[in-house]
Each structure stands twice: as C-alpha cells, then as structure tokens.
Amino acid sequence: MTFVEAEIASQPDCWRRAAELATVRADALPAHGERIAVVGCGTSFYMAQAYAALRESNGLGESDAFAASEFPTGRRYDRVVALTRSGTTTEVLELLGRSHGTTRTVTVTAVPGAAVRAVTDDLVELGFADEESVVQTRFATTALTLFRAHLGLHTDAAVSDAESALAEPLPEGLTDATQLSFLGRGWTVGLANEAALKMKEASLAWTESYPAMEYRHGPISIATDTTATWMFGPAPTGLAEQVRATGARWVESGLDPLADLIRVQRLAVARAGAAGLDPDRPRHLTRSVVLHDA
C-alpha cells in the first residue's frame with residue numbers, strides 16, 4: 001500500500017478528531033460576523049474557496065478566498081485565515097509576515113514550526129492529519145471538516161458517507177477516460193477544483209473544473225464518448241441529460257460532497273497505478289514549495 005492510499009483510508013477517523021478539535025479551539029477560529037480572508041496555495045487554496053463559500057452563504061460573515069500570492073493588500077479584514085500543511089510555504093509565510101501586527105491571523109497547519117509560529121497570532125495544529133505523500137488528501141479534507149464543524153455544518157452523516165466512499169466500488173469506465181471534467185456549485189466549486197488538481201498530480205490526467213452552470217458555456221464541447229463529467233452535489237436541472245446526450249459518462253452521488261471527493265482521490269490513485277506512476281511522488285512536485293532568492 002502506498003502512503004497516499006493509507007492516508008485516504010484514514011480520513012473518517014481524522015474527520016472525527018477535527019470535529020472535536022473545532023469545539024476545543026473555537027476561540028482561535030473566526031467569530032460569526034467577522035469579515036475574513038482565507039488563503040492558501042494549491043490544494044489549500046481550493047479548501048479555502050470551499051470554506052469561504054460555505055461561511056458566507058450561510059450568513060456567518062463576509063468571506064473571501066485567495067491564492068496567498070494574489071492577496072489584495074489594499075483590503076482590510078478582521079482576520080486572515082491561512083492553510084498550510086507544511087507550515088513552510090513561502091507565499092503563505094510572506095503574507096502572514098505582512099499581516100502580522102495589523103490584522104489578526106490564524107494558521108491551520110500540520111507542522112507548527114518556528115517560522116509559522118513567529119508570524120501568526122493563533123495556530124490550530126492538525127498533526128494527526130499530516131502526510132508522507134506529496135499529494136494532499138487527508139490534511140485538506142480534515143481542515144475543511146474543522147471549518148465545517150466550527151460553522152455548525154458538520155454531521156456524523158458526513159463521516160458515514162466517507163466510510164461508504166472508501167468501501168464502495170468506483171464507477172466503472174473512469175480509469176480509461178481520456179478526459180474528466182469536475183463541476184460544483186457554491187462551496188463545491190472548490191471541491192471540483194481540488195478534484196481536478198488531484199487527478200493531474202497523481203495520474204497526469206487531462207482534467208478541468210468549472211462552476212456547473214458554466215459548463216454549458218463552451219466546455220461541454222469537449223464531451224464525447226471517451227470523457228466523463230463528475231458533479232459534486234445536486235446538478236442544475238437538465239445538465240445531466242445534456243452531458244449524456246454527448247455520449248460522455250455522467251457521474252454523481254448522493255454522498256456528502258466532501259465524502260465524494262474521497263472517491264476522486266481513490267480514482268486518482270487507481271489511474272496512477274494503471275499508468276505505472278508513483279502517486280506518492282508526482283513528477284516535478286515537492287511536499288512544500290519553498291522559494292529562495294536568486
């Protein structure tokens with residue numbers, strides 16, 4: 001078993017621990033009504049998108065999400081929330097350093113080392129969700145579970161769905177699909193973005209992601225009998241039928257959307273294995289992006 005396979009399988013237990021931690025560390029997380037920015041890089045950015053959309057759509061405060069490198073420094077927030085598995089990502093540390101002393105910051109990380117401790121006001125440690133694999137799986141979903149629980153939006157049913165996502169067979173015909181498109185609405189747009197990234201990282205697949213209503217505006221032109229379109233959460237009326245009419249495979253699930261992401265993680269590993277790739281060590285990637293001055 002690869003590291004990533006073991007880490008994928010551990011997610012139900014990680015989610016239970018994250019839900020408990022959300023209560024213990026509630027003081028460190030944004031209060032309802034605060035205006036916040038959530039930042040990260042790569043997978044962490046997509047989890048930031050999901051969290052921000054969930055928080056604001058439920059009336060819990062204005063919430064924006066940014067890639068750490070694209071943070072609009074002219075805007076003012078009550079709090080900046082940073083996600084970084086390693087605690088060493090250059091763009092995140094630089095942003096926290098600029099914000100330190102002017103805007104309250106909280107960092108959710110698996111490795112709360114000296115560098116990140118020096119530039120953040122509050123730390124929430126998810127060391128139990130750290131990973132050996134370069135490809136992120138459980139840290140990302142555990143961080144989002146922490147946020148969902150703090151917002152009052154996590155349920156035991158989500159954990160049960162995660163267990164189902166691990167146990168059920170994957171949809172047939174996807175290992176050989178020539179292209180996969182992932183779609184979401186609201187907070188699941190971030191999940192769709194993460195699903196596409198996971199497939200690229202682990203298996204070098206041709207993948208794209210879109211807000212579901214945007215799929216009709218051009219991207220559906222690539223759908224054919226060798227492609228698949230995967231929907232996170234309820235689909236817009238008529239979209240499934242339109243995709244099936246192209247000959248493409250339509251994939252949806254009644255599972256909690258975050259649990260459905262586990263199925264994509266499993267598919268990414270399966271496609272990597274079929275292609276003879278190492279999903280733990282994707283080409284050109286490292287566990288953390290640390291930039292050095294020239």
# chains A, B, ... in the order shown; residues from 1 in each chain; ligands from 1
>>> select_by_dssp(residues="segment 46-262 of chain A", states="strand (DSSP E or B)", output="VMD selection string")
chain A and resid 63 to 67 79 to 84 104 to 109 122 to 125 179 to 184 207 to 211 227 to 231 249 to 251
>>> select_by_dssp(residues="segment 31-244 of chain A", states="helix (DSSP H, G or I)", output="ChimeraX atom specification")
/A:43-57,68-70,90-99,114-117,127-129,138-150,156-167,188-203,212-214,219-222,239-244
>>> closest_residue(among="A:Ala115, A:Ala53, A:Ala28, A:Ala162", to="Ile262 of chain A", atoms="only C-alpha atoms")
A:Ala162
>>> closest_residue(among="A:Glu252, A:Ala245, A:Ile36, A:Tyr51", to="Arg75 of chain A", atoms="only C-alpha atoms")
A:Ile36
>>> closest_residue(among="A:Glu7, A:Glu91, A:Glu62, A:Glu214", to="Tyr77 of chain A", atoms="only C-alpha atoms")
A:Glu62
>>> atom_distance(atom1="atom CA of Ala50 of chain A", atom2="atom CA of Val251 of chain A")
20.5 Å
>>> closest_residue(among="A:Met213, A:Arg185, A:Ile222, A:Asp161", to="Gln11 of chain A", atoms="only C-alpha atoms")
A:Asp161
>>> residues_around(residues="Ala235 of chain A", least_positions_apart="3", cutoff="9 Å", atoms="only C-alpha atoms", output="ChimeraX atom specification")
/A:183-185,212-213,231-232,238-240,252
>>> write_last_selection(atoms="N, CA, C and O atoms", output="tab-separated table (two decimals), in the first residue's frame")
chain	number	residue	atom	x	y	z
A	183	LEU	N	-17.40	19.40	-11.74
A	183	LEU	CA	-18.30	20.53	-11.62
A	183	LEU	C	-18.79	20.68	-10.19
A	183	LEU	O	-18.97	19.69	-9.47
A	184	GLY	N	-19.03	21.93	-9.78
A	184	GLY	CA	-19.60	22.19	-8.46
A	184	GLY	C	-20.47	23.42	-8.49
A	184	GLY	O	-20.52	24.16	-9.48
A	185	ARG	N	-21.16	23.63	-7.39
A	185	ARG	CA	-21.99	24.83	-7.22
A	185	ARG	C	-21.76	25.34	-5.81
A	185	ARG	O	-21.69	24.56	-4.84
A	212	ALA	N	-20.83	24.60	-12.19
A	212	ALA	CA	-21.68	23.74	-13.02
A	212	ALA	C	-22.45	24.49	-14.09
A	212	ALA	O	-22.57	24.03	-15.23
A	213	MET	N	-22.98	25.67	-13.75
A	213	MET	CA	-23.76	26.42	-14.73
A	213	MET	C	-22.90	26.93	-15.88
A	213	MET	O	-23.40	27.24	-16.96
A	231	MET	N	-20.10	15.50	-11.11
A	231	MET	CA	-20.79	16.58	-10.42
A	231	MET	C	-20.71	16.39	-8.91
A	231	MET	O	-21.02	15.32	-8.39
A	232	PHE	N	-20.28	17.44	-8.20
A	232	PHE	CA	-20.29	17.43	-6.74
A	232	PHE	C	-21.57	18.11	-6.24
A	232	PHE	O	-21.78	19.29	-6.47
A	238	GLY	N	-31.44	19.60	-15.90
A	238	GLY	CA	-31.20	19.31	-17.31
A	238	GLY	C	-29.75	19.09	-17.69
A	238	GLY	O	-29.48	18.62	-18.81
A	239	LEU	N	-28.80	19.38	-16.81
A	239	LEU	CA	-27.40	19.27	-17.20
A	239	LEU	C	-26.98	17.81	-17.41
A	239	LEU	O	-26.26	17.50	-18.37
A	240	ALA	N	-27.42	16.93	-16.53
A	240	ALA	CA	-27.06	15.52	-16.69
A	240	ALA	C	-27.51	14.99	-18.05
A	240	ALA	O	-26.76	14.28	-18.74
A	252	GLU	N	-22.46	11.22	-10.64
A	252	GLU	CA	-22.93	11.99	-9.49
A	252	GLU	C	-23.16	11.03	-8.35
A	252	GLU	O	-23.14	9.81	-8.53
>>> residues_around(residues="Met199 of chain A", least_positions_apart="2", cutoff="10 Å", atoms="only C-alpha atoms", output="PyMOL selection string")
chain A and resi 180+194-197+201-208+264-269+271-272+279
>>> write_last_selection(atoms="C-alpha atoms", output="short mmCIF file (atom, residue, chain, number, x, y, z; two decimals), in the first residue's frame")
data_model
loop_
_atom_site.label_atom_id
_atom_site.label_comp_id
_atom_site.auth_asym_id
_atom_site.auth_seq_id
_atom_site.Cartn_x
_atom_site.Cartn_y
_atom_site.Cartn_z
CA LEU A 180 -12.52 14.30 -16.85
CA GLU A 194 -9.37 20.21 -5.95
CA ALA A 195 -10.62 17.08 -7.70
CA ALA A 196 -9.14 18.25 -10.99
CA LEU A 197 -5.83 19.06 -9.32
CA GLU A 201 -0.93 15.50 -9.70
CA ALA A 202 -1.31 11.79 -9.08
CA SER A 203 -2.06 10.42 -12.54
CA LEU A 204 -1.17 13.14 -15.08
CA ALA A 205 -4.76 13.09 -16.30
CA TRP A 206 -6.30 15.74 -18.53
CA THR A 207 -8.79 17.33 -16.16
CA GLU A 208 -10.71 20.59 -15.91
CA VAL A 264 -11.87 11.07 -6.72
CA GLN A 265 -8.78 10.57 -4.58
CA ARG A 266 -9.18 6.81 -4.96
CA LEU A 267 -9.68 7.15 -8.70
CA ALA A 268 -6.52 9.25 -9.00
CA VAL A 269 -4.53 6.53 -7.26
CA ARG A 271 -5.28 5.71 -12.62
CA ALA A 272 -1.72 6.29 -11.39
CA PRO A 279 1.16 8.63 -6.65
#
>>> residues_around(residues="segment 82-86 of chain A", least_positions_apart="2", cutoff="8 Å", atoms="only C-alpha atoms", output="PyMOL selection string")
chain A and resi 38-41+44-45+48+80+88-89+92+96+105-112+130+139+287-288
